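Have a look at final12.cif below; it lists mmCIF, C-alpha atoms.
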```cif
data_entry
#
loop_
_atom_site.label_atom_id
_atom_site.label_comp_id
_atom_site.auth_asym_id
_atom_site.auth_seq_id
_atom_site.Cartn_x
_atom_site.Cartn_y
_atom_site.Cartn_z
CA MET A 1 -56.73 0.28 -13.11
CA ASP A 2 -54.78 1.39 -16.21
CA THR A 3 -52.69 3.75 -14.06
CA ALA A 4 -51.78 0.97 -11.62
CA ALA A 5 -50.78 -1.32 -14.46
CA ALA A 6 -48.58 1.37 -15.98
CA GLU A 7 -46.95 1.99 -12.62
CA TRP A 8 -46.28 -1.73 -12.19
CA THR A 9 -44.67 -1.86 -15.61
CA ALA A 10 -42.46 1.12 -14.82
CA THR A 11 -41.15 -0.47 -11.64
CA ALA A 12 -40.91 -4.11 -12.74
CA ASP A 13 -39.32 -3.81 -16.17
CA GLY A 14 -36.04 -2.30 -17.32
CA PRO A 15 -35.13 1.40 -17.29
CA GLU A 16 -36.49 1.92 -20.79
CA HIS A 17 -40.09 1.55 -19.53
CA ARG A 18 -39.86 4.31 -16.92
CA PRO A 19 -40.93 7.94 -17.15
CA PRO A 20 -38.07 10.09 -18.54
CA GLY A 21 -36.80 11.32 -15.16
CA ARG A 22 -36.72 7.88 -13.60
CA ARG A 23 -35.30 6.43 -16.78
CA LEU A 24 -32.33 8.80 -16.64
CA GLY A 25 -31.75 7.99 -12.97
CA ALA A 26 -31.84 4.26 -13.65
CA TRP A 27 -29.44 4.52 -16.58
CA CYS A 28 -26.99 6.63 -14.54
CA ALA A 29 -27.21 4.11 -11.69
CA GLY A 30 -26.57 1.27 -14.12
CA LEU A 31 -23.48 2.95 -15.54
CA LEU A 32 -22.06 3.65 -12.08
CA LEU A 33 -22.72 0.09 -10.90
CA ALA A 34 -21.24 -1.38 -14.08
CA GLY A 35 -18.01 0.58 -13.61
CA VAL A 36 -17.68 -0.31 -9.93
CA SER A 37 -18.61 -3.95 -10.61
CA LEU A 38 -15.79 -4.22 -13.13
CA ILE A 39 -13.21 -3.20 -10.52
CA VAL A 40 -14.81 -5.34 -7.80
CA GLY A 41 -14.86 -8.28 -10.19
CA PHE A 42 -11.10 -8.13 -10.65
CA ARG A 43 -10.64 -7.78 -6.88
CA THR A 44 -12.85 -10.84 -6.34
CA ALA A 45 -10.93 -12.82 -8.94
CA GLY A 46 -7.57 -11.93 -7.36
CA SER A 47 -6.33 -10.21 -10.49
CA ASP A 48 -4.94 -6.73 -11.07
CA GLY A 49 -6.03 -6.69 -14.71
CA VAL A 50 -4.88 -4.02 -17.13
CA THR A 51 -5.13 -0.23 -17.17
CA PRO A 52 -7.19 1.34 -15.62
CA VAL A 53 -7.95 -1.50 -13.20
CA PRO A 54 -4.71 -1.49 -11.13
CA GLN A 55 -4.77 2.30 -10.89
CA VAL A 56 -8.37 2.32 -9.60
CA LEU A 57 -7.79 -0.65 -7.28
CA ALA A 58 -5.37 1.51 -5.30
CA PHE A 59 -8.35 3.64 -4.27
CA LEU A 60 -10.87 0.81 -3.78
CA PRO A 61 -12.46 2.17 -0.55
CA TRP A 62 -13.42 5.35 -2.40
CA LEU A 63 -15.67 3.31 -4.70
CA LEU A 64 -18.15 3.40 -1.83
CA ALA A 65 -19.11 6.92 -2.96
CA PRO A 66 -20.30 6.07 -6.52
CA THR A 67 -21.90 2.88 -5.20
CA ALA A 68 -23.91 4.82 -2.60
CA LEU A 69 -24.96 7.34 -5.25
CA ALA A 70 -26.02 4.52 -7.57
CA LEU A 71 -28.08 2.95 -4.79
CA LEU A 72 -29.83 6.25 -4.15
CA LEU A 73 -30.63 6.59 -7.84
CA THR A 74 -32.06 3.08 -8.01
CA LEU A 75 -34.36 3.90 -5.11
CA LEU A 76 -35.49 7.20 -6.62
CA SER A 77 -36.13 5.55 -9.98
CA ARG A 78 -37.76 2.52 -8.33
CA TRP A 79 -35.42 0.14 -10.13
CA TRP A 80 -35.52 -2.67 -7.61
CA LEU A 81 -33.28 -5.07 -9.53
CA GLY A 82 -30.69 -2.30 -9.62
CA THR A 83 -31.10 -1.82 -5.88
CA LEU A 84 -30.32 -5.49 -5.33
CA TRP A 85 -27.28 -5.16 -7.61
CA GLY A 86 -26.09 -2.14 -5.63
CA VAL A 87 -26.50 -3.90 -2.30
CA VAL A 88 -24.41 -6.84 -3.51
CA VAL A 89 -21.65 -4.52 -4.78
CA LEU A 90 -21.74 -2.54 -1.53
CA GLY A 91 -21.41 -5.74 0.48
CA LEU A 92 -18.40 -6.88 -1.53
CA LEU A 93 -16.72 -3.51 -1.11
CA ALA A 94 -17.29 -3.63 2.64
CA TRP A 95 -15.76 -7.11 2.74
CA PHE A 96 -12.66 -6.10 0.79
CA ILE A 97 -12.11 -2.92 2.79
CA GLU A 98 -11.45 -5.07 5.85
CA PRO A 99 -7.69 -5.32 6.55
CA TYR A 100 -5.86 -8.07 4.68
CA GLY A 101 -3.14 -10.18 6.21
CA LYS A 102 -2.39 -12.10 9.34
CA THR A 103 -1.97 -10.86 12.86
CA GLY A 104 -0.53 -12.62 15.85
CA ASP A 105 2.07 -12.56 18.57
CA PRO A 106 5.52 -13.96 17.82
CA ALA A 107 6.82 -16.92 19.77
CA GLY A 108 9.85 -16.77 22.03
CA ARG A 109 11.32 -14.11 24.24
CA PRO A 110 12.02 -10.53 23.08
CA VAL A 111 15.70 -9.99 22.32
CA ALA A 112 15.91 -6.55 20.66
CA GLU A 113 13.94 -3.34 20.17
CA LEU A 114 14.14 -1.64 16.78
CA ARG A 115 12.66 1.44 15.14
CA VAL A 116 12.27 1.52 11.36
CA LEU A 117 11.51 4.53 9.17
CA THR A 118 10.80 4.45 5.43
CA SER A 119 10.43 7.48 3.18
CA ASN A 120 10.20 8.28 -0.52
CA VAL A 121 11.76 11.74 -0.84
CA GLU A 122 10.54 12.39 -4.43
CA PHE A 123 13.72 12.82 -6.45
CA GLY A 124 15.57 13.97 -3.34
CA GLN A 125 13.38 17.05 -2.79
CA GLY A 126 12.27 15.96 0.68
CA THR A 127 15.74 15.13 1.97
CA GLY A 128 15.95 18.08 4.35
CA SER A 129 12.61 17.23 5.92
CA LEU A 130 13.65 13.58 6.17
CA VAL A 131 16.89 14.48 7.97
CA ALA A 132 14.88 16.45 10.53
CA ALA A 133 12.46 13.53 10.99
CA VAL A 134 15.31 11.06 11.43
CA ARG A 135 16.94 13.25 14.07
CA ARG A 136 13.60 13.53 15.87
CA GLU A 137 12.48 9.88 15.63
CA LYS A 138 15.94 8.29 16.00
CA PRO A 139 15.19 5.08 14.06
CA ASP A 140 17.66 2.21 13.95
CA PHE A 141 17.13 1.69 10.22
CA VAL A 142 16.16 4.24 7.56
CA PHE A 143 14.92 3.13 4.13
CA VAL A 144 15.07 5.98 1.59
CA GLN A 145 13.65 5.81 -1.94
CA GLU A 146 14.26 8.23 -4.82
CA CYS A 147 17.46 9.35 -3.14
CA GLU A 148 19.45 10.73 -6.07
CA TYR A 149 23.03 11.98 -5.89
CA THR A 150 22.41 15.22 -3.96
CA CYS A 151 20.17 13.38 -1.49
CA ASP A 152 22.83 10.73 -0.99
CA ALA A 153 25.48 13.39 -0.38
CA ARG A 154 23.23 15.21 2.11
CA LEU A 155 22.56 12.01 4.07
CA LYS A 156 26.29 11.28 4.22
CA ALA A 157 27.06 14.80 5.40
CA ASP A 158 24.28 15.09 7.98
CA LEU A 159 23.69 11.56 9.27
CA SER A 160 26.88 9.54 8.85
CA ARG A 161 27.90 10.06 12.49
CA ASP A 162 24.69 8.48 13.82
CA TYR A 163 24.31 6.08 10.89
CA PRO A 164 27.80 4.90 9.98
CA HIS A 165 26.56 1.84 8.08
CA ARG A 166 24.77 1.88 4.72
CA SER A 167 23.76 -0.18 1.73
CA ALA A 168 22.90 1.82 -1.36
CA VAL A 169 22.16 1.77 -5.07
CA GLU A 170 23.37 5.07 -6.45
CA GLY A 171 21.46 6.72 -9.25
CA GLY A 172 19.84 9.88 -10.50
CA GLY A 173 16.17 10.79 -10.38
CA SER A 174 14.08 8.01 -8.89
CA GLU A 175 16.74 5.31 -9.32
CA GLY A 176 18.80 5.92 -6.18
CA SER A 177 17.93 4.21 -2.89
CA VAL A 178 19.73 3.77 0.41
CA ILE A 179 19.42 1.91 3.70
CA LEU A 180 20.99 3.68 6.70
CA SER A 181 21.75 1.75 9.87
CA ARG A 182 23.03 2.26 13.39
CA HIS A 183 24.04 -1.42 13.37
CA PRO A 184 26.79 -3.08 11.33
CA LEU A 185 25.65 -4.15 7.86
CA ARG A 186 26.74 -6.75 5.37
CA PRO A 187 25.33 -5.75 1.96
CA THR A 188 23.45 -8.39 -0.04
CA GLU A 189 22.62 -8.53 -3.72
CA GLY A 190 19.24 -6.89 -3.19
CA VAL A 191 16.62 -6.97 -5.94
CA ARG A 192 17.53 -6.00 -9.47
CA ALA A 193 14.93 -3.67 -10.96
CA THR A 194 14.45 -0.36 -12.74
CA MET A 195 14.85 1.58 -9.51
CA GLY A 196 17.33 0.72 -6.78
CA MET A 197 16.35 -1.92 -4.22
CA PRO A 198 19.40 -2.57 -2.00
CA GLY A 199 19.51 -5.23 0.68
CA ALA A 200 21.70 -6.04 3.69
CA ILE A 201 22.12 -8.27 6.72
CA ALA A 202 22.24 -6.28 9.95
CA ASP A 203 23.93 -7.44 13.14
CA VAL A 204 21.58 -6.35 15.92
CA ASP A 205 23.28 -7.18 19.21
CA GLY A 206 24.43 -10.49 17.79
CA HIS A 207 21.14 -11.28 16.05
CA PRO A 208 21.09 -11.24 12.23
CA VAL A 209 18.23 -9.29 10.63
CA ARG A 210 17.77 -9.22 6.88
CA LEU A 211 16.86 -5.82 5.43
CA GLN A 212 15.39 -5.33 1.98
CA LEU A 213 14.26 -2.05 0.45
CA ALA A 214 11.27 -2.20 -1.92
CA HIS A 215 10.67 0.26 -4.76
CA PRO A 216 9.12 -1.37 -7.83
CA MET A 217 7.94 0.68 -10.77
CA PRO A 218 4.44 2.20 -10.40
CA PRO A 219 1.58 0.73 -12.49
CA LEU A 220 1.69 3.43 -15.14
CA PRO A 221 -0.35 2.89 -18.31
CA GLY A 222 1.75 0.74 -20.60
CA GLN A 223 3.95 -0.46 -17.72
CA VAL A 224 1.59 -2.67 -15.73
CA ASP A 225 3.46 -5.83 -16.79
CA LEU A 226 6.74 -4.32 -15.58
CA TRP A 227 5.09 -3.34 -12.29
CA ASN A 228 3.87 -6.93 -11.85
CA ARG A 229 7.26 -8.42 -12.65
CA GLU A 230 9.09 -6.19 -10.20
CA LEU A 231 6.59 -6.88 -7.42
CA ASP A 232 7.02 -10.59 -8.15
CA ALA A 233 10.80 -10.10 -7.81
CA VAL A 234 10.21 -8.50 -4.40
CA ARG A 235 8.01 -11.46 -3.46
CA ASP A 236 10.72 -13.92 -4.53
CA ALA A 237 13.27 -12.07 -2.42
CA ALA A 238 10.92 -12.14 0.56
CA ALA A 239 10.43 -15.88 0.20
CA THR A 240 14.16 -16.72 0.34
CA ASP A 241 16.29 -17.25 3.44
CA ARG A 242 13.31 -17.37 5.76
CA GLY A 243 15.54 -18.63 8.56
CA THR A 244 16.67 -15.01 9.08
CA PRO A 245 14.22 -12.40 10.43
CA LEU A 246 13.24 -10.00 7.66
CA VAL A 247 12.28 -6.32 7.47
CA LEU A 248 11.02 -5.41 3.99
CA ALA A 249 10.20 -1.71 3.72
CA GLY A 250 9.70 1.01 1.16
CA ASP A 251 7.40 2.41 -1.49
CA PHE A 252 5.68 -0.67 -2.94
CA ASN A 253 3.51 1.33 -5.35
CA ALA A 254 0.78 -1.11 -4.32
CA SER A 255 -1.90 -1.40 -1.65
CA GLN A 256 -3.58 -4.37 -0.02
CA ASP A 257 -6.16 -4.29 -2.82
CA HIS A 258 -3.53 -5.30 -5.38
CA ALA A 259 -3.14 -9.03 -5.88
CA ALA A 260 0.59 -8.59 -6.53
CA PHE A 261 1.04 -7.03 -3.08
CA ARG A 262 -1.09 -9.67 -1.37
CA ARG A 263 1.15 -12.34 -2.89
CA ILE A 264 4.07 -10.75 -1.01
CA LEU A 265 2.15 -10.89 2.26
CA ASP A 266 1.20 -14.48 1.52
CA THR A 267 4.87 -15.51 1.78
CA GLY A 268 4.32 -15.23 5.54
CA LEU A 269 4.97 -11.54 6.12
CA TYR A 270 3.01 -9.17 8.33
CA ASP A 271 2.27 -5.51 7.61
CA ALA A 272 3.36 -3.48 10.64
CA ALA A 273 0.46 -1.09 10.06
CA ARG A 274 -1.95 -4.05 10.16
CA LEU A 275 -0.39 -5.38 13.36
CA ASP A 276 -0.73 -1.99 15.04
CA GLY A 277 -4.16 -0.96 13.73
CA ALA A 278 -2.86 1.70 11.32
CA ASP A 279 -3.92 -0.08 8.13
CA ARG A 280 -5.57 2.03 5.41
CA THR A 281 -3.74 5.14 6.63
CA ALA A 282 -3.01 7.01 3.40
CA THR A 283 0.65 7.62 2.55
CA TRP A 284 0.21 8.89 -1.04
CA PRO A 285 -0.44 11.42 -2.48
CA ALA A 286 0.71 13.54 0.45
CA PRO A 287 -1.05 16.78 -0.62
CA THR A 288 -4.50 15.18 -0.18
CA ALA A 289 -3.73 12.66 2.57
CA PRO A 290 -5.08 11.69 5.02
CA THR A 291 -8.44 12.91 3.66
CA PHE A 292 -7.95 11.22 0.30
CA GLY A 293 -5.22 8.79 -0.68
CA THR A 294 -3.95 5.24 -0.51
CA GLN A 295 -1.46 3.29 1.58
CA ILE A 296 1.39 2.23 -0.71
CA ASP A 297 4.34 2.75 1.68
CA HIS A 298 4.76 -0.22 4.00
CA VAL A 299 6.96 -1.86 6.58
CA LEU A 300 6.57 -5.64 6.27
CA VAL A 301 8.11 -8.01 8.80
CA SER A 302 8.52 -11.73 9.30
CA GLU A 303 6.84 -13.67 12.08
CA GLU A 304 9.69 -13.02 14.54
CA PHE A 305 8.59 -9.40 14.99
CA ALA A 306 5.89 -7.61 16.93
CA ALA A 307 4.96 -4.05 15.90
CA ASP A 308 3.93 -1.11 18.05
CA ARG A 309 3.35 2.65 17.61
CA THR A 310 3.16 2.61 13.82
CA ARG A 311 2.54 6.14 12.63
CA VAL A 312 2.57 8.14 9.41
CA LEU A 313 4.59 11.37 9.23
CA ASP A 314 4.03 14.39 7.01
CA LEU A 315 7.27 15.52 5.35
CA ALA A 316 7.73 18.69 3.33
CA ASP A 317 8.62 18.70 -0.38
CA THR A 318 7.68 15.10 -1.16
CA ASP A 319 4.50 13.47 -2.44
CA HIS A 320 4.83 10.58 0.04
CA ARG A 321 4.31 10.46 3.77
CA ALA A 322 6.88 8.57 5.82
CA VAL A 323 6.07 5.47 7.87
CA VAL A 324 7.79 4.79 11.18
CA THR A 325 7.18 1.79 13.41
CA ASP A 326 8.65 0.27 16.55
CA LEU A 327 9.50 -3.43 16.29
CA THR A 328 10.35 -6.05 18.88
CA LEU A 329 12.47 -8.96 17.68
CA HIS A 330 11.74 -12.32 19.32
CA ASP A 331 14.08 -15.30 19.29
CA GLY A 332 11.38 -17.61 17.92
CA GLY A 333 11.86 -20.16 20.65
#
```
Could you write out this file's structure as structure tokens?
Amino acid sequence: MDTAAAEWTATADGPEHRPPGRRLGAWCAGLLLAGVSLIVGFRTAGSDGVTPVPQVLAFLPWLLAPTALALLLTLLSRWWLGTLWGVVVLGLLAWFIEPYGKTGDPAGRPVAELRVLTSNVEFGQGTGSLVAAVRREKPDFVFVQECEYTCDARLKADLSRDYPHRSAVEGGGSEGSVILSRHPLRPTEGVRATMGMPGAIADVDGHPVRLQLAHPMPPLPGQVDLWNRELDAVRDAAATDRGTPLVLAGDFNASQDHAAFRRILDTGLYDAARLDGADRTATWPAPTAPTFGTQIDHVLVSEEFAADRTRVLDLADTDHRAVVTDLTLHDGG
């Protein structure tokens, strides 16, 4: 009778009443669940928080691993309240891992077929690999981030015949960016930020298409506010001139688990990867993708577009994978 009562106490009360082995397991489970719950709490509240929350949010699906371990520990330590806690956290993670954003077919008849490629070439190091990919994929528009002076010169030398039109922000290091086009371009003001984000209006067989490159600062410790402000600037640009079809592409330094990125989608844009079932395909960091990584490189489009054959390309000498997608422009009628 005394043994049964002791066993009941060990399983019904907190971790401090368990035998040493179970006590350690329960405490470890509690620590894991507390850490995961903090991140999930910010995701539930629609906030990116402060360091380290935005950095961890980028890898939200991988929180399934510590959550599963915590659940196992609660079972082994017979901490049933902890098990319930773990199940709730696991359910929330499963909910948030589902793709975010709208899907649907555009209205009107198709009027143009376009291929878009976006690539961060990491301070220009991946330019040679990008040139080869562009020649192979033959996109209509190429969005290039971190294209410093030597990268810009290489693109002019190797691709100007096929891409005679461009809109660029020149700069060294990560500041330079360029949009290459087979179609005539009229440059726009773009988005003013730390790194170049040029824009343009393309004439696609008589149909205007607004192009905007995205490359806000990453959410580095101490720079999360700047990251938020620059993503908000991208959102504001996306929300203007909605009478013109829009392609917004680049390295957003944000995934669908960041509230700042979801606010961009909420302006009425569609993620081409989401439309084509390629969501959650890791684009960064390239050395560990696709096994481990996050999708921070995107092609976003307005409701006039349908997307098909979205794929992620491995390029040499850069820490990002390129994204290429085929788009169909509809007249919206």
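For Asp140 in chain A, the set of protein, DNA and RNA residues having any atom at most 9 Å away, when counting only C-alpha atoms and skipping those fewer than 4 positions along the same chain, is Leu114, Arg115, Val116, Leu117, Tyr163, Leu180, Ser181, Arg182 and His183 of chain A.
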Just the selected residues (C-alpha atoms), exported as a short mmCIF file (atom, residue, chain, number, x, y, z; two decimals), in the coordinates of the input, please.
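Below is the file part-v2.cif, written as the result:
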```
data_model
loop_
_atom_site.label_atom_id
_atom_site.label_comp_id
_atom_site.auth_asym_id
_atom_site.auth_seq_id
_atom_site.Cartn_x
_atom_site.Cartn_y
_atom_site.Cartn_z
CA LEU A 114 14.14 -1.64 16.78
CA ARG A 115 12.66 1.44 15.14
CA VAL A 116 12.27 1.52 11.36
CA LEU A 117 11.51 4.53 9.17
CA TYR A 163 24.31 6.08 10.89
CA LEU A 180 20.99 3.68 6.70
CA SER A 181 21.75 1.75 9.87
CA ARG A 182 23.03 2.26 13.39
CA HIS A 183 24.04 -1.42 13.37
#
```
Handout entry: Hits of the PyMOL selection byres ((chain A and resi 90) around 10) in this structure, as number ranges by chain
Key = A: 33, 36-37, 40, 63-65, 67-68, 71, 84-89, 91-95
Select from range 262-311 of chain A every residue with an atom at most 10 Å from any atom of range 101-106 of chain A, then for each give the shortest pair of atoms and their distance in Å to one decimal, using only C-alpha atoms, rows by chain and rising number, as CSV.
```
residue,atom,partner,partner_atom,distance
A:Arg262,CA,A:Gly101,CA,7.9
A:Leu265,CA,A:Gly101,CA,6.6
A:Asp266,CA,A:Gly101,CA,7.7
A:Gly268,CA,A:Lys102,CA,8.3
A:Leu269,CA,A:Lys102,CA,8.1
A:Tyr270,CA,A:Lys102,CA,6.2
A:Asp271,CA,A:Gly101,CA,7.3
A:Ala272,CA,A:Thr103,CA,9.4
A:Arg274,CA,A:Thr103,CA,7.3
A:Leu275,CA,A:Thr103,CA,5.7
A:Asp276,CA,A:Thr103,CA,9.2
A:Ser302,CA,A:Pro106,CA,9.3
A:Glu303,CA,A:Pro106,CA,5.9
A:Glu304,CA,A:Pro106,CA,5.4
A:Phe305,CA,A:Pro106,CA,6.2
A:Ala306,CA,A:Pro106,CA,6.4
A:Ala307,CA,A:Asp105,CA,9.4
```
How would the residues just chosen look if you wrote them out with C-alpha atoms as a tab-separated table (two decimals), in the coordinates of the input?
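Once everything was written out, this is out10.tsv:
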```tsv
chain	number	residue	atom	x	y	z
A	262	ARG	CA	-1.09	-9.67	-1.37
A	265	LEU	CA	2.15	-10.89	2.26
A	266	ASP	CA	1.20	-14.48	1.52
A	268	GLY	CA	4.32	-15.23	5.54
A	269	LEU	CA	4.97	-11.54	6.12
A	270	TYR	CA	3.01	-9.17	8.33
A	271	ASP	CA	2.27	-5.51	7.61
A	272	ALA	CA	3.36	-3.48	10.64
A	274	ARG	CA	-1.95	-4.05	10.16
A	275	LEU	CA	-0.39	-5.38	13.36
A	276	ASP	CA	-0.73	-1.99	15.04
A	302	SER	CA	8.52	-11.73	9.30
A	303	GLU	CA	6.84	-13.67	12.08
A	304	GLU	CA	9.69	-13.02	14.54
A	305	PHE	CA	8.59	-9.40	14.99
A	306	ALA	CA	5.89	-7.61	16.93
A	307	ALA	CA	4.96	-4.05	15.90
```
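Distance annotation: of A:Ala260, A:Ile201, A:Ala153, A:Ala282, the residue with the minimal separation from Pro219 in chain A is A:Ala260; atom set is all atoms listed in the file.
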Could you write out as a PDB file with C-alpha atoms, in the frame of the given file the residues that the PyMOL selection byres ((chain A and resi 50) around 10) matches in the shown file?
```pdb
ATOM      1  CA  PHE A  42     -11.100  -8.130 -10.650  1.00  0.00           C
ATOM      2  CA  SER A  47      -6.330 -10.210 -10.490  1.00  0.00           C
ATOM      3  CA  ASP A  48      -4.940  -6.730 -11.070  1.00  0.00           C
ATOM      4  CA  GLY A  49      -6.030  -6.690 -14.710  1.00  0.00           C
ATOM      5  CA  THR A  51      -5.130  -0.230 -17.170  1.00  0.00           C
ATOM      6  CA  PRO A  52      -7.190   1.340 -15.620  1.00  0.00           C
ATOM      7  CA  VAL A  53      -7.950  -1.500 -13.200  1.00  0.00           C
ATOM      8  CA  PRO A  54      -4.710  -1.490 -11.130  1.00  0.00           C
ATOM      9  CA  GLN A  55      -4.770   2.300 -10.890  1.00  0.00           C
ATOM     10  CA  PRO A 219       1.580   0.730 -12.490  1.00  0.00           C
ATOM     11  CA  PRO A 221      -0.350   2.890 -18.310  1.00  0.00           C
ATOM     12  CA  GLY A 222       1.750   0.740 -20.600  1.00  0.00           C
ATOM     13  CA  GLN A 223       3.950  -0.460 -17.720  1.00  0.00           C
ATOM     14  CA  VAL A 224       1.590  -2.670 -15.730  1.00  0.00           C
ATOM     15  CA  ASP A 225       3.460  -5.830 -16.790  1.00  0.00           C
TER      16      ASP A 225
END
```
Emit as AutoDock Vina command-line options the padded axis-aligned box for all listed atoms of range 47-57 of chain A, 6 Å per side, with centre and edge lengths in Å to one decimal.
```
--center_x -6.5 --center_y -3.9 --center_z -12.2 --size_x 15.7 --size_y 24.5 --size_z 21.9
```
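Residues lying at most 8 Å from (-1.6, 3.9, -6.3) in file coordinates, with all atoms listed in the file considered, are A:Pro54, A:Gln55, A:Val56, A:Leu57, A:Ala58, A:Phe59, A:Pro218, A:Pro219, A:Asn253, A:Ala254, A:Ser255, A:Trp284, A:Thr294, A:Gln295, A:Ile296.
Across A:Arg311, A:Arg192, A:Lys138, A:His320, the tightest approach to Gly277 in chain A is made by A:Arg311 when counting only C-alpha atoms.
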Problem - Picked residues, the PyMOL selection byres ((chain A and resi 141) around 12), expected as number ranges by chain - result: A: 113-119, 134, 137-140, 142-144, 159, 162-167, 178-185, 200-204, 209-213, 247-250, 299, 323-327
Practice task
Find the residue from A:Gly46, A:Pro245, A:Gly124, A:Gly196 that sits nearest to Glu230 in chain A; use only C-alpha atoms when measuring.
Solution key: A:Gly196
Handout entry: Atom-to-atom span, CA of Leu313 in chain A and CA of Thr291 in chain A, Å
Key = 14.3 Å
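Across the model, the gap from CA of Thr281 in chain A to CA of Asp308 in chain A is 15.1 Å.
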Problem - d(CA of Pro285 in chain A, CA of Leu32 in chain A) in Å - result: 24.9 Å
Exercise for the section: Just give me the residues with any atom within 7 Å of (24.1, 8.5, -8.5), file coordinates, counting all atoms listed in the file, written as a ChimeraX atom specification. Expected result: /A:148-149,170-172,176
Export C-alpha atoms of the chosen residues as a PDB file, in the frame of the given file?
```
ATOM      1  CA  GLU A 148      19.450  10.730  -6.070  1.00  0.00           C
ATOM      2  CA  TYR A 149      23.030  11.980  -5.890  1.00  0.00           C
ATOM      3  CA  GLU A 170      23.370   5.070  -6.450  1.00  0.00           C
ATOM      4  CA  GLY A 171      21.460   6.720  -9.250  1.00  0.00           C
ATOM      5  CA  GLY A 172      19.840   9.880 -10.500  1.00  0.00           C
ATOM      6  CA  GLY A 176      18.800   5.920  -6.180  1.00  0.00           C
TER       7      GLY A 176
END
```
Exercise for the section: Please provide as a PyMOL selection string all residues within 12 Å of Gly25 in chain A, with the sequence filter that same-chain residues fewer than 5 positions apart are discarded (counting all atoms listed in the file). Expected result: chain A and resi 14-16+18-20+30-32+69-79+82
